[in-house]
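This report refers to the structure that appears directly beneath it.
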Amino acid sequence: MSKHFDRRIARPISEVWWLRPSYIALIWIGVLLLAYWTPEETYLFVARTRKAIDFDTTVQLFCGLAAFAIGSLWREMSASRERVTPGYDALVSPPILGLIALLTALTLVAYVIWLAPTLNGETLSAIINGTFGSEYGRQVATQISGVTTATQFGIFVGAIASIGACFGPRAHRLLWISLMAGLVGLALYRSLIWSERLALLEVIIPMAAVYASSTYRGQRYFAYLPAIALAGAIVTFGFFEFFRSWTFYSISGDDYVSFVLGRFSSYYTTSYNNAAAYIQLMDVDYFPLNTLRFVFDLPNPFSTEWRDIGDAADIAVMDFLRRNLNPEFNLFSAPGLVIGELGTPLGCAALFTFGCCSGWLYSQFTKATLFGVVAYSIWLVGLFDFGRLLYWTLGRAFPAIVAVLVLGWICSYLGAVGATRSSSLTQTAAQQ
């Protein structure tokens with residue numbers, strides 16, 4: 001153990017069931033069954049949409065989730081024999097500190113460019129009048145494609161800063177905590193001004209995962225934290241929904257609590273219901289337009305029509321929802337989206353691959369490697385929202401994933417250098 005860093009995992013974090021990707025997949029299977037058993041009257045009343053999910057589509061979605069769970073479980077078990085990359089000590093290495101400084105600067109500059117125009121008296125007035133939300137934000141904020149996307153580097157910075165706060169030298173922890181607090185504050189303001197709750201979850205979930213890995217000592221209450229998190233998620237959802245939708249729906253006469261509970265559950269059940277309709281009504285074209293969506297969000301200097309492909313897909317999806325369901329609930333569960341585009345056999349194979357990636361990253365997380373803890377804590381964002389959307393291939397996740405890959409390359413280099421030095425020292429000692 002280093003005199004500067006420690007790996008305070010007195011008992012294996014693998015004992016915490018709700019961090020395992022295979023167990024998370026089982027939870028989403030439960031949500032799938034809830035969507036199937038929800039009566040059509042509830043869909044009509046709460047989400048104003050018809051019930052599309054039936055037995056056949058439920059079986060298809062179940063197979064996709066089962067393939068994901070099997071892939072993750074297989075890699076969770078088989079990856080234990082692989083070499084461990086550098087631990088938390090690598091955080092203070094010059095290459096990684098340089099990477100953190102660069103990405104922090106890019107994140108802050110992007111936020112300033114994007115949200116600085118909203119810091120005025122009109123914003124305060126909008127908050128007081130209850131007109132503060134996505135429409136106001138899109139009118140005032142300055143979003144520049146490719147520039148403001150750099151705010152997504154904050155996901156990576158927050159995850160790695162939480163390692164410094166939890167495991168680093170005490171003299172430096174205040175600095176790491178201040179950086180975390182700043183990122184959470186920016187994400188919270190962005191969530192309000194842009195009506196984008198996911199932006200806040202993208203920052204908080206990795207931090208919470210790192211904190212869990214640093215504090216777990218076999219406490220029994222860890223097993224029940226999902227229930228506490230669910231209650232917190234509903235409260236947070238209700239807070240944002242007050243600015244987002246309650247102004248419109250308050251005229252219906254429902255009380256606010258019933259409105260929040262019904263709307264919260266509908267976000268998950270309708271994602272499966274939408275996926276079922278997509279599988280039933282759309283032809284399988286074996287083209288991963290949405291499954292690999294980030295590819296079509298990237299700038300392409302060789303074609304001005306590249307991004308138009310993704311924009312056309314968005315228009316087609318919204319048109320599909322208007323004709324068949326309710327465009328207000330416009331999310332498709334990850335397994336449904338993959339199976340709808342690739343068909344059941346190929347879709348299950350793709351989901352098995354996603355599961356393998358999840359299981360391997362989880363195994364690195366349990367070994368307390370710098371790369372593994374950062375990578376899996378960010379990957380958890382997609383796992384915790386797997387039933388609503390395929391997060392990992394969205395353009396918004398791309399900056400953080402690129403940063404993780406760069407971190408992995410640096411850690412691999414540092415590990416190779418460390419192994420070479422250790423071998424040299426051993427040979428020198430043997431010669432003497």
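In the structure tokens, each chain is lettered A, B, ... as it comes, each chain's residues begin at 1, and ligands are numbered from 1 in order of appearance.
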Can you build me a table of stretch 382-413 of chain A residues sitting at most 12 Å from stretch 159-164 of chain A, with the closest atom pair per residue and its distance in Å to one decimal, using only C-alpha atoms, sorted by chain and residue number, as a tab-separated table?
residue	atom	partner	partner_atom	distance
A:Ala400	CA	A:Ala159	CA	10.1
A:Ala403	CA	A:Ile160	CA	10.8
A:Val404	CA	A:Ile160	CA	10.0
A:Leu407	CA	A:Ile160	CA	10.2
Residues near stretch 288-293 of chain A, cut-off 7 Å, only C-alpha atoms, skip fewer than 3 positions along chain, as a short mmCIF file (atom, residue, chain, number, x, y, z; two decimals) with C-alpha atoms, in the first residue's frame:
data_model
loop_
_atom_site.label_atom_id
_atom_site.label_comp_id
_atom_site.auth_asym_id
_atom_site.auth_seq_id
_atom_site.Cartn_x
_atom_site.Cartn_y
_atom_site.Cartn_z
CA PHE A 296 -23.76 9.74 -37.02
CA ASP A 297 -23.35 12.52 -34.47
CA LEU A 337 -33.95 -0.68 -29.81
CA VAL A 338 -31.22 -3.20 -30.62
CA GLU A 341 -32.96 -2.68 -35.68
CA THR A 393 -23.65 4.70 -27.99
CA LEU A 394 -25.20 8.15 -27.71
CA GLY A 395 -23.19 11.15 -28.81
#
Residues within 12 Å of stretch 268-270 of chain A, please, as a compact mmCIF listing (two decimals) with N, CA and C atoms, in the first residue's frame. Count only C-alpha atoms; anything in the same chain fewer than 3 positions from it doesn't count.
# COMPACT_ATOMS: atom_id res chain seq x y z
N TRP A 28 -34.03 -5.09 -14.59
CA TRP A 28 -34.71 -4.62 -15.79
C TRP A 28 -35.66 -5.66 -16.35
N ILE A 29 -35.39 -6.93 -16.11
CA ILE A 29 -36.36 -7.96 -16.48
C ILE A 29 -37.64 -7.78 -15.66
N GLY A 30 -37.47 -7.44 -14.39
CA GLY A 30 -38.63 -7.17 -13.55
C GLY A 30 -39.45 -5.99 -14.05
N VAL A 31 -38.77 -4.94 -14.50
CA VAL A 31 -39.48 -3.78 -15.06
C VAL A 31 -40.20 -4.17 -16.35
N LEU A 32 -39.56 -5.03 -17.15
CA LEU A 32 -40.20 -5.52 -18.37
C LEU A 32 -41.51 -6.24 -18.05
N LEU A 33 -41.48 -7.10 -17.05
CA LEU A 33 -42.70 -7.81 -16.66
C LEU A 33 -43.76 -6.86 -16.13
N LEU A 34 -43.31 -5.80 -15.43
CA LEU A 34 -44.25 -4.79 -14.95
C LEU A 34 -44.93 -4.10 -16.13
N ALA A 35 -44.15 -3.78 -17.16
CA ALA A 35 -44.72 -3.14 -18.35
C ALA A 35 -45.72 -4.06 -19.03
N TYR A 36 -45.43 -5.36 -19.06
CA TYR A 36 -46.33 -6.32 -19.70
C TYR A 36 -47.63 -6.49 -18.91
N TRP A 37 -47.51 -6.51 -17.57
CA TRP A 37 -48.70 -6.72 -16.73
C TRP A 37 -49.51 -5.45 -16.49
N THR A 38 -48.97 -4.30 -16.83
CA THR A 38 -49.71 -3.06 -16.66
C THR A 38 -50.92 -3.05 -17.59
N PRO A 39 -52.12 -2.83 -17.07
CA PRO A 39 -53.31 -2.88 -17.92
C PRO A 39 -53.35 -1.71 -18.91
N GLU A 40 -54.05 -1.91 -20.00
CA GLU A 40 -54.12 -0.87 -21.03
C GLU A 40 -54.76 0.41 -20.50
N THR A 42 -54.29 1.79 -17.72
CA THR A 42 -53.26 2.60 -17.08
C THR A 42 -52.43 3.34 -18.12
N TYR A 43 -52.08 2.66 -19.21
CA TYR A 43 -51.34 3.34 -20.28
C TYR A 43 -52.15 4.51 -20.83
N LEU A 44 -53.44 4.30 -21.03
CA LEU A 44 -54.29 5.36 -21.60
C LEU A 44 -54.43 6.53 -20.63
N VAL A 46 -52.42 7.33 -17.80
CA VAL A 46 -51.20 7.98 -17.33
C VAL A 46 -50.37 8.53 -18.48
N ALA A 47 -50.21 7.74 -19.54
CA ALA A 47 -49.32 8.13 -20.64
C ALA A 47 -50.08 8.51 -21.90
N ARG A 48 -51.39 8.38 -21.90
CA ARG A 48 -52.20 8.73 -23.07
C ARG A 48 -51.70 8.01 -24.33
N THR A 49 -51.46 6.73 -24.18
CA THR A 49 -51.00 5.92 -25.31
C THR A 49 -51.62 4.53 -25.20
N ARG A 50 -51.68 3.84 -26.31
CA ARG A 50 -52.22 2.49 -26.30
C ARG A 50 -51.16 1.52 -25.79
N LYS A 51 -51.61 0.36 -25.35
CA LYS A 51 -50.69 -0.69 -24.93
C LYS A 51 -50.30 -1.52 -26.13
N ALA A 52 -49.01 -1.52 -26.45
CA ALA A 52 -48.51 -2.28 -27.59
C ALA A 52 -47.82 -3.56 -27.19
N ILE A 53 -47.24 -3.59 -25.99
CA ILE A 53 -46.45 -4.74 -25.58
C ILE A 53 -47.36 -5.95 -25.36
N LEU A 261 -45.74 10.20 -9.20
CA LEU A 261 -45.59 8.75 -9.15
C LEU A 261 -46.02 8.10 -10.47
N GLY A 262 -47.14 8.56 -11.00
CA GLY A 262 -47.61 7.99 -12.25
C GLY A 262 -46.69 8.30 -13.42
N ARG A 263 -46.21 9.52 -13.44
CA ARG A 263 -45.34 9.91 -14.54
C ARG A 263 -43.97 9.23 -14.44
N PHE A 264 -43.47 9.07 -13.22
CA PHE A 264 -42.18 8.41 -13.03
C PHE A 264 -42.24 6.97 -13.54
N SER A 265 -43.26 6.23 -13.13
CA SER A 265 -43.37 4.84 -13.56
C SER A 265 -43.60 4.74 -15.06
N ASN A 273 -42.90 -0.34 -23.82
CA ASN A 273 -44.08 -0.34 -24.70
C ASN A 273 -43.72 0.23 -26.07
N ASN A 274 -42.95 1.30 -26.10
CA ASN A 274 -42.50 1.87 -27.37
C ASN A 274 -41.63 0.88 -28.14
N ALA A 275 -40.75 0.19 -27.40
CA ALA A 275 -39.88 -0.79 -28.04
C ALA A 275 -40.69 -1.93 -28.64
N ALA A 276 -41.73 -2.35 -27.92
CA ALA A 276 -42.58 -3.43 -28.44
C ALA A 276 -43.25 -3.00 -29.74
N ALA A 277 -43.77 -1.78 -29.78
CA ALA A 277 -44.40 -1.29 -31.01
C ALA A 277 -43.39 -1.18 -32.14
N TYR A 278 -42.17 -0.77 -31.79
CA TYR A 278 -41.10 -0.65 -32.79
C TYR A 278 -40.79 -2.02 -33.41
N LEU A 321 -43.86 7.71 -33.53
CA LEU A 321 -44.56 7.86 -32.25
C LEU A 321 -45.86 8.64 -32.42
N LEU A 325 -48.19 6.01 -31.11
CA LEU A 325 -48.15 6.05 -29.64
C LEU A 325 -48.31 7.48 -29.16
N ASN A 326 -47.37 7.94 -28.33
CA ASN A 326 -47.41 9.30 -27.81
C ASN A 326 -46.00 9.88 -27.88
N PRO A 327 -45.76 10.89 -28.71
CA PRO A 327 -44.40 11.43 -28.87
C PRO A 327 -43.85 12.09 -27.61
N GLU A 328 -44.71 12.34 -26.62
CA GLU A 328 -44.21 12.92 -25.38
C GLU A 328 -43.30 11.93 -24.65
N PHE A 329 -43.58 10.65 -24.77
CA PHE A 329 -42.74 9.60 -24.20
C PHE A 329 -41.97 8.98 -25.37
N ASN A 330 -40.78 9.47 -25.60
CA ASN A 330 -40.07 9.16 -26.85
C ASN A 330 -38.83 8.29 -26.66
N LEU A 331 -38.75 7.56 -25.54
CA LEU A 331 -37.59 6.70 -25.31
C LEU A 331 -37.91 5.25 -25.63
N PHE A 332 -36.87 4.53 -26.05
CA PHE A 332 -36.99 3.10 -26.37
C PHE A 332 -35.97 2.34 -25.53
N SER A 333 -36.41 1.30 -24.85
CA SER A 333 -35.49 0.53 -24.02
C SER A 333 -34.34 0.00 -24.88
N ALA A 334 -33.17 -0.12 -24.26
CA ALA A 334 -31.98 -0.56 -25.00
C ALA A 334 -32.18 -1.90 -25.70
N GLY A 336 -34.92 -3.32 -26.68
CA GLY A 336 -35.91 -3.17 -27.74
C GLY A 336 -35.37 -2.45 -28.95
N PHE A 384 -27.78 1.72 -15.27
CA PHE A 384 -28.91 2.16 -14.46
C PHE A 384 -30.03 2.76 -15.31
N ASP A 385 -29.76 3.05 -16.58
CA ASP A 385 -30.80 3.56 -17.48
C ASP A 385 -31.02 2.62 -18.66
N PHE A 386 -30.59 1.37 -18.53
CA PHE A 386 -30.62 0.41 -19.63
C PHE A 386 -32.04 0.13 -20.10
N GLY A 387 -32.99 0.20 -19.20
CA GLY A 387 -34.37 -0.06 -19.56
C GLY A 387 -35.03 1.09 -20.29
N ARG A 388 -34.42 2.27 -20.25
CA ARG A 388 -35.01 3.44 -20.92
C ARG A 388 -34.33 3.77 -22.24
N LEU A 389 -33.02 3.57 -22.32
CA LEU A 389 -32.31 3.97 -23.53
C LEU A 389 -30.95 3.27 -23.59
I'd like the contact shell of A:Thr104 - 9 Å cut-off, only C-alpha atoms, skipping same-chain residues fewer than 3 positions apart - returned as a PDB file with C-alpha atoms, in the first residue's frame.
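Saved to part-v5.pdb:
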ATOM      1  CA  LEU A  99      -5.274  14.813 -18.759  1.00  0.00           C
ATOM      2  CA  ILE A 100      -7.412  15.893 -15.790  1.00  0.00           C
ATOM      3  CA  ALA A 101      -6.312  19.532 -16.117  1.00  0.00           C
ATOM      4  CA  THR A 107     -15.508  21.331 -19.487  1.00  0.00           C
ATOM      5  CA  LEU A 108     -15.539  24.724 -17.768  1.00  0.00           C
ATOM      6  CA  VAL A 109     -14.994  26.698 -20.993  1.00  0.00           C
ATOM      7  CA  PHE A 153     -15.882  15.548 -20.273  1.00  0.00           C
ATOM      8  CA  GLY A 154     -17.152  16.582 -16.850  1.00  0.00           C
ATOM      9  CA  VAL A 157     -13.481  14.509 -14.435  1.00  0.00           C
ATOM     10  CA  LEU A 179     -14.041  20.199  -8.111  1.00  0.00           C
TER      11      LEU A 179
END
- prompt: A:Gly185: which residues within 12 Å, counting only C-alpha atoms, same-chain residues fewer than 6 positions away excluded, as a list in words?
  reply: Leu108, Tyr111, Gly154, Gly158, Ser178, Leu179, Ser191, Leu192, Ala199, Leu200, Val203 and Ile204 of chain A
Output for the residues just chosen: C-alpha atoms as a CSV table (one decimal), in the first residue's frame:
chain,number,residue,atom,x,y,z
A,108,LEU,CA,-15.5,24.7,-17.8
A,111,TYR,CA,-20.2,25.5,-19.8
A,154,GLY,CA,-17.2,16.6,-16.9
A,158,GLY,CA,-16.1,14.0,-11.7
A,178,SER,CA,-14.4,21.4,-4.5
A,179,LEU,CA,-14.0,20.2,-8.1
A,191,SER,CA,-30.6,20.2,-15.8
A,192,LEU,CA,-32.9,23.0,-14.8
A,199,ALA,CA,-27.0,15.5,-17.2
A,200,LEU,CA,-27.2,15.5,-13.4
A,203,VAL,CA,-22.2,13.2,-12.8
A,204,ILE,CA,-23.7,11.9,-9.6
field: Point-to-point distance in Å for atom CA of A:Leu390 and atom CA of A:Ala229
entry: 21.2 Å
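If you measure from each of A:Tyr267, A:Tyr413, A:Ala397, A:Cys348 to A:Leu61 using only C-alpha atoms, the closest one turns out to be A:Cys348.
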message: With DSSP run on the backbone, what are the alpha helix (DSSP H) residues within stretch 192-359 of chain A? I'd like them as a PyMOL selection string.
response: chain A and resi 192-193+197-215+225-241+247-249+256-281+294-297+306-324+334-342+344-359
- prompt: Pick the closest to A:Arg75 from A:Phe354, A:Trp409, A:Trp176, A:Trp17: which is it, counting only C-alpha atoms?
  reply: A:Phe354
statement: Of A:Phe398, A:Tyr272, A:Phe45, A:Tyr391, the one sitting nearest A:Gln60 when using only C-alpha atoms is A:Tyr272
message: If I take atom CA of A:Ala233 and atom CA of A:Val374, how far is one from the other in Å, to one decimal?
response: 22.7 Å
Counting only C-alpha atoms, which residues of stretch 132-226 of chain A fall within 10 Å of stretch 355-368 of chain A, and what is the closest atom pair for each with its distance in Å at one decimal, ordered by chain and rising number, as JSON lines?
{"residue": "A:Ala209", "atom": "CA", "partner": "A:Phe365", "partner_atom": "CA", "distance": 9.8}
{"residue": "A:Val210", "atom": "CA", "partner": "A:Phe365", "partner_atom": "CA", "distance": 9.4}
{"residue": "A:Ser213", "atom": "CA", "partner": "A:Ala368", "partner_atom": "CA", "distance": 8.3}
{"residue": "A:Ser214", "atom": "CA", "partner": "A:Ala368", "partner_atom": "CA", "distance": 9.6}
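You can rank A:Val147, A:Tyr88, A:Phe371, A:Ile193 by their closest distance to A:Val406 using only C-alpha atoms, and at the top of that list sits A:Phe371.
Restricting the calculation to only C-alpha atoms, the smallest distance between A:Val295 and any of A:Ile315, A:Leu19, A:Ala208, A:Ile309 is found for A:Ile309.
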- request: Work out how far atom CA of A:Ile70 is from atom CA of A:Phe352, in Å to one decimal.
  value: 7.0 Å
